[in-house]
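**Student:** Quick one: this structure, given as structure tokens, is what I'll be asking you about.
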Amino acid sequence: MHRTPEVPAATPLWHGGWYRFAHRADSPNFGPRPEGTAIDLIVVHSISLPPGHYGGDEVQRLFCNTLDWDAHPYFQSIRGLKVSAHFYVRRGGELWQFVSCDHRAWHAGASSHQGRDNCNDYAIGIELEGLEGESFEPSQYETLAGLSAAIAQAYPIRHLVGHEHIAPGRKGDPGAAFDWPTLHRSLGWPATAFPG
Ligand SMILES: [Zn+2]
């Protein structure tokens, strides 16, 4: 049988839930999403380890279960914590991915969005390197907007909210200094896609 010559196709943006433009570091902290789940929510977080320290690799290590708990006194308060997010955006805009978007990452905890509990089941979690209540860098908004647009091409996203909006009283990230109008303008999605 004659074999059709292979034509190099354009590299797709997504492969098995992994984004082409992210550095990949596989986290063991994930599981399956419930059968038939529509992935329609993006949740934005902020994180830095130790809090307020930028530029190290502690967050990647936390998500990959390779953080040295004895390396800093603060780590005693999170010793043994097993968490993950799908994505992490550094201060300079560099993007990392830890869990396939097809799988369920462990970022939201006890949470509810518009009457639906357990947001991890149907959400994609994006961590911004930062500190709750403090501002974020223009490069981070650029990466976040580009990533969110790419996610919405692959998944039926309907809302983009902060952790603080799905776990009010328990979580406050990304916080009051997060610039929602800038993200809204960059994405051009309807206002109803964003909080408040
Ligand atoms: Zn969070």
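Chain labels run A, B, ... following the order of the structure tokens; each chain numbers its residues from 1, and ligands are numbered from 1 in the order shown.
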Please check which protein, DNA or RNA residues sit within 6 Å of ligand 1, counting only C-alpha atoms and all ligand atoms, and write them as a CSV table (one decimal) with N, CA, C and O atoms, in the first residue's frame.
**Tutor:**
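Printed below is selection_4.csv as written:
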```csv
chain,number,residue,atom,x,y,z
A,45,HIS,N,-4.6,32.7,41.1
A,45,HIS,CA,-4.1,32.7,42.5
A,45,HIS,C,-2.8,33.5,42.5
A,45,HIS,O,-2.3,33.9,41.5
A,46,SER,N,-2.3,33.8,43.8
A,46,SER,CA,-1.0,34.3,43.9
A,46,SER,C,-0.2,33.4,44.9
A,46,SER,O,-0.8,32.9,45.9
A,163,HIS,N,-9.1,33.2,43.4
A,163,HIS,CA,-9.4,32.2,44.5
A,163,HIS,C,-10.3,32.8,45.5
A,163,HIS,O,-11.1,32.2,46.1
A,173,ASP,N,-6.5,35.5,47.8
A,173,ASP,CA,-5.6,35.8,46.7
A,173,ASP,C,-6.4,35.8,45.4
A,173,ASP,O,-7.5,35.1,45.3
```
**Student:** Please provide the set of residues having any atom within 6 Å of segment 85-95 of chain A, restricted to only C-alpha atoms, with same-chain residues fewer than 6 positions apart removed, written as a PyMOL selection string.
**Tutor:** chain A and resi 22+105+107+125-129+139-140+143
**Student:** Export C-alpha atoms of the chosen residues as a compact mmCIF listing (two decimals), in the first residue's frame?
**Tutor:**
```
# COMPACT_ATOMS: atom_id res chain seq x y z
CA ALA A 22 5.01 26.56 28.98
CA ALA A 105 -5.04 19.87 39.89
CA HIS A 107 -5.29 24.43 43.92
CA GLY A 125 -5.70 26.97 38.18
CA ILE A 126 -3.13 29.65 37.36
CA GLU A 127 -0.72 30.84 40.06
CA LEU A 128 0.98 34.23 39.71
CA GLU A 129 4.26 34.69 41.51
CA SER A 139 4.65 40.81 31.94
CA GLN A 140 2.50 38.65 34.17
CA THR A 143 1.33 35.98 29.90
```
**Student:** Between A:Arg116, A:Phe30, A:Trp96, A:Ile78, which one has atoms that come closest to Asp57 of chain A, using only C-alpha atoms?
**Tutor:**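 Of A:Arg116, A:Phe30, A:Trp96, A:Ile78, the one nearest Asp57 of chain A, counting only C-alpha atoms, is A:Trp96.
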**Student:** Near Ser100 of chain A, counting only C-alpha atoms, which residues have an atom at most 8 Å away, once you skip same-chain residues fewer than 5 positions from it, shown as a list in words?
**Tutor:** Gly16, Gly17, Trp18 and His86 of chain A
**Student:** Counting only C-alpha atoms, figure out which residue out of A:Arg20, A:His53, A:Arg61, A:His184 gets nearest to Ile151 of chain A.
**Tutor:**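 Between A:Arg20, A:His53, A:Arg61, A:His184, the residue approaching Ile151 of chain A most closely is A:Arg20.
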**Student:** Compare A:Pro12, A:Ala149, A:Ala38, A:Asp68 by their minimum atom-to-atom distance to Asp121 of chain A, counting only C-alpha atoms, and give me the closest one.
**Tutor:**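 So, comparing all the options, the nearest one is A:Ala38.
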**Student:** Can you tell me, as a list in words, what residues are no more than 9 Å from segment 164-170 of chain A when counting only C-alpha atoms, ignoring any on the same chain fewer than 3 positions away?
**Tutor:** Val43, Val44, His45, Ala108, Gly109, Ala110, Ser111, Ser112, His113, Gln114, Asp117, Cys119, Val161, Asp173, Pro174, Gly175 and Pro195 of chain A
**Student:** Those same residues, written as a CSV table (one decimal), in the first residue's frame with all heavy atoms?
**Tutor:**
```csv
chain,number,residue,atom,x,y,z
A,43,VAL,N,-9.2,29.8,37.5
A,43,VAL,CA,-9.1,30.4,38.8
A,43,VAL,C,-7.6,31.0,38.9
A,43,VAL,O,-6.7,30.3,38.7
A,43,VAL,CB,-9.3,29.4,39.9
A,43,VAL,CG1,-9.0,30.0,41.3
A,43,VAL,CG2,-10.7,28.9,39.9
A,44,VAL,N,-7.5,32.3,39.2
A,44,VAL,CA,-6.3,33.0,39.4
A,44,VAL,C,-5.9,33.0,40.9
A,44,VAL,O,-6.7,33.3,41.7
A,44,VAL,CB,-6.3,34.4,38.8
A,44,VAL,CG1,-5.0,35.1,39.1
A,44,VAL,CG2,-6.6,34.3,37.3
A,45,HIS,N,-4.6,32.7,41.1
A,45,HIS,CA,-4.1,32.7,42.5
A,45,HIS,C,-2.8,33.5,42.5
A,45,HIS,O,-2.3,33.9,41.5
A,45,HIS,CB,-3.7,31.3,42.9
A,45,HIS,CG,-4.7,30.2,42.9
A,45,HIS,ND1,-5.3,29.7,44.0
A,45,HIS,CD2,-5.2,29.5,41.8
A,45,HIS,CE1,-6.2,28.8,43.6
A,45,HIS,NE2,-6.1,28.6,42.3
A,108,ALA,N,-7.6,24.8,44.5
A,108,ALA,CA,-8.7,25.6,45.0
A,108,ALA,C,-9.2,25.2,46.4
A,108,ALA,O,-9.6,26.0,47.2
A,108,ALA,CB,-9.9,25.5,44.1
A,109,GLY,N,-9.0,23.9,46.8
A,109,GLY,CA,-9.5,23.5,48.1
A,109,GLY,C,-11.1,23.6,48.2
A,109,GLY,O,-11.7,23.6,47.1
A,110,ALA,N,-11.6,23.7,49.4
A,110,ALA,CA,-13.0,23.9,49.6
A,110,ALA,C,-13.4,25.2,48.9
A,110,ALA,O,-12.9,26.2,49.2
A,110,ALA,CB,-13.4,23.9,51.1
A,111,SER,N,-14.4,25.0,47.9
A,111,SER,CA,-14.7,26.2,47.1
A,111,SER,C,-16.0,26.0,46.4
A,111,SER,O,-16.5,24.9,46.3
A,111,SER,CB,-13.6,26.3,46.0
A,111,SER,OG,-13.4,25.1,45.3
A,112,SER,N,-16.6,27.1,45.9
A,112,SER,CA,-17.8,27.1,45.3
A,112,SER,C,-17.9,28.2,44.3
A,112,SER,O,-17.6,29.3,44.6
A,112,SER,CB,-19.0,27.1,46.3
A,112,SER,OG,-20.2,27.1,45.7
A,113,HIS,N,-18.4,27.9,43.1
A,113,HIS,CA,-18.6,29.0,42.1
A,113,HIS,C,-20.0,28.9,41.5
A,113,HIS,O,-20.4,27.9,40.9
A,113,HIS,CB,-17.6,28.9,41.0
A,113,HIS,CG,-17.8,30.0,40.0
A,113,HIS,ND1,-18.2,29.8,38.7
A,113,HIS,CD2,-17.5,31.3,40.0
A,113,HIS,CE1,-18.2,30.9,38.0
A,113,HIS,NE2,-17.8,31.9,38.8
A,114,GLN,N,-20.9,29.9,41.7
A,114,GLN,CA,-22.2,29.9,41.2
A,114,GLN,C,-23.0,28.7,41.6
A,114,GLN,O,-23.7,28.1,40.7
A,114,GLN,CB,-22.2,30.2,39.7
A,114,GLN,CG,-21.6,31.6,39.4
A,114,GLN,CD,-21.9,32.0,37.9
A,114,GLN,OE1,-22.3,31.2,37.1
A,114,GLN,NE2,-21.8,33.3,37.7
A,117,ASP,N,-19.9,23.3,43.8
A,117,ASP,CA,-18.8,23.1,44.7
A,117,ASP,C,-17.6,22.4,44.1
A,117,ASP,O,-17.7,22.1,42.9
A,117,ASP,CB,-19.3,22.2,45.9
A,117,ASP,CG,-20.3,22.9,46.8
A,117,ASP,OD1,-20.4,24.2,46.7
A,117,ASP,OD2,-21.0,22.2,47.6
A,119,CYS,N,-14.5,23.3,43.0
A,119,CYS,CA,-14.1,24.0,41.7
A,119,CYS,C,-12.9,23.2,41.1
A,119,CYS,O,-12.8,23.3,39.8
A,119,CYS,CB,-13.7,25.4,42.0
A,119,CYS,SG,-15.1,26.4,42.6
A,161,VAL,N,-12.0,33.9,37.5
A,161,VAL,CA,-12.2,34.5,38.8
A,161,VAL,C,-10.9,34.3,39.6
A,161,VAL,O,-10.0,33.6,39.2
A,161,VAL,CB,-13.4,33.9,39.5
A,161,VAL,CG1,-14.7,34.2,38.8
A,161,VAL,CG2,-13.2,32.5,39.9
A,173,ASP,N,-6.5,35.5,47.8
A,173,ASP,CA,-5.6,35.8,46.7
A,173,ASP,C,-6.4,35.8,45.4
A,173,ASP,O,-7.5,35.1,45.3
A,173,ASP,CB,-4.5,34.7,46.6
A,173,ASP,CG,-5.0,33.3,46.5
A,173,ASP,OD1,-5.9,32.9,47.2
A,173,ASP,OD2,-4.5,32.6,45.6
A,174,PRO,N,-6.0,36.5,44.3
A,174,PRO,CA,-4.8,37.3,44.3
A,174,PRO,C,-4.8,38.6,45.0
A,174,PRO,O,-3.8,39.2,45.2
A,174,PRO,CB,-4.6,37.5,42.8
A,174,PRO,CG,-6.0,37.5,42.2
A,174,PRO,CD,-6.7,36.5,43.0
A,175,GLY,N,-6.0,39.1,45.4
A,175,GLY,CA,-6.1,40.2,46.3
A,175,GLY,C,-6.5,41.5,45.6
A,175,GLY,O,-6.6,41.6,44.4
A,195,PRO,N,-15.3,38.5,37.8
A,195,PRO,CA,-16.0,38.7,39.1
A,195,PRO,C,-16.6,40.1,39.2
A,195,PRO,O,-16.1,41.1,38.6
A,195,PRO,CB,-14.8,38.6,40.1
A,195,PRO,CG,-13.6,38.3,39.4
A,195,PRO,CD,-13.8,38.3,37.9
```
**Student:** Using only C-alpha atoms, can you tell me which of A:His103, A:Ser27, A:Glu35, A:Leu41 comes closest to Thr66 of chain A?
**Tutor:**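 Looking only at the distances to Thr66 of chain A, the closest residue turns out to be A:Ser27.
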**Student:** Check the smallest atom-to-atom distance from each of A:Thr182, A:Asn120, A:Gln76, A:Ser135 to Leu49 of chain A using only C-alpha atoms, then report the winner.
**Tutor:**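 Using only C-alpha atoms, the shortest distance to Leu49 of chain A belongs to A:Gln76.
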**Student:** Using only C-alpha atoms, pick whichever of A:Val83, A:Ala10, A:Cys101, A:Ala193 has the shortest atom-to-atom distance to Trp180 of chain A.
**Tutor:** A:Ala193
**Student:** Among segment 28-93 of chain A, which residues does DSSP mark as helix (DSSP H, G or I) when it is run on the backbone? Keep the chain and numbering as in the structure and answer as a ChimeraX atom specification.
**Tutor:** /A:58-63,73-78
**Student:** Do a neighbour search on Pro156 of chain A at 8 Å with only C-alpha atoms, toss out local chain neighbours closer than 2 positions, and write the hits as JSON, numbers by chain.
**Tutor:** {"A": [38, 39, 40, 152, 153, 154, 158]}
**Student:** So the first atom is atom CA of Gly146 of chain A and the second is atom CA of Gly52 of chain A; what is the distance between them in Å, to one decimal place?
**Tutor:** 25.2 Å
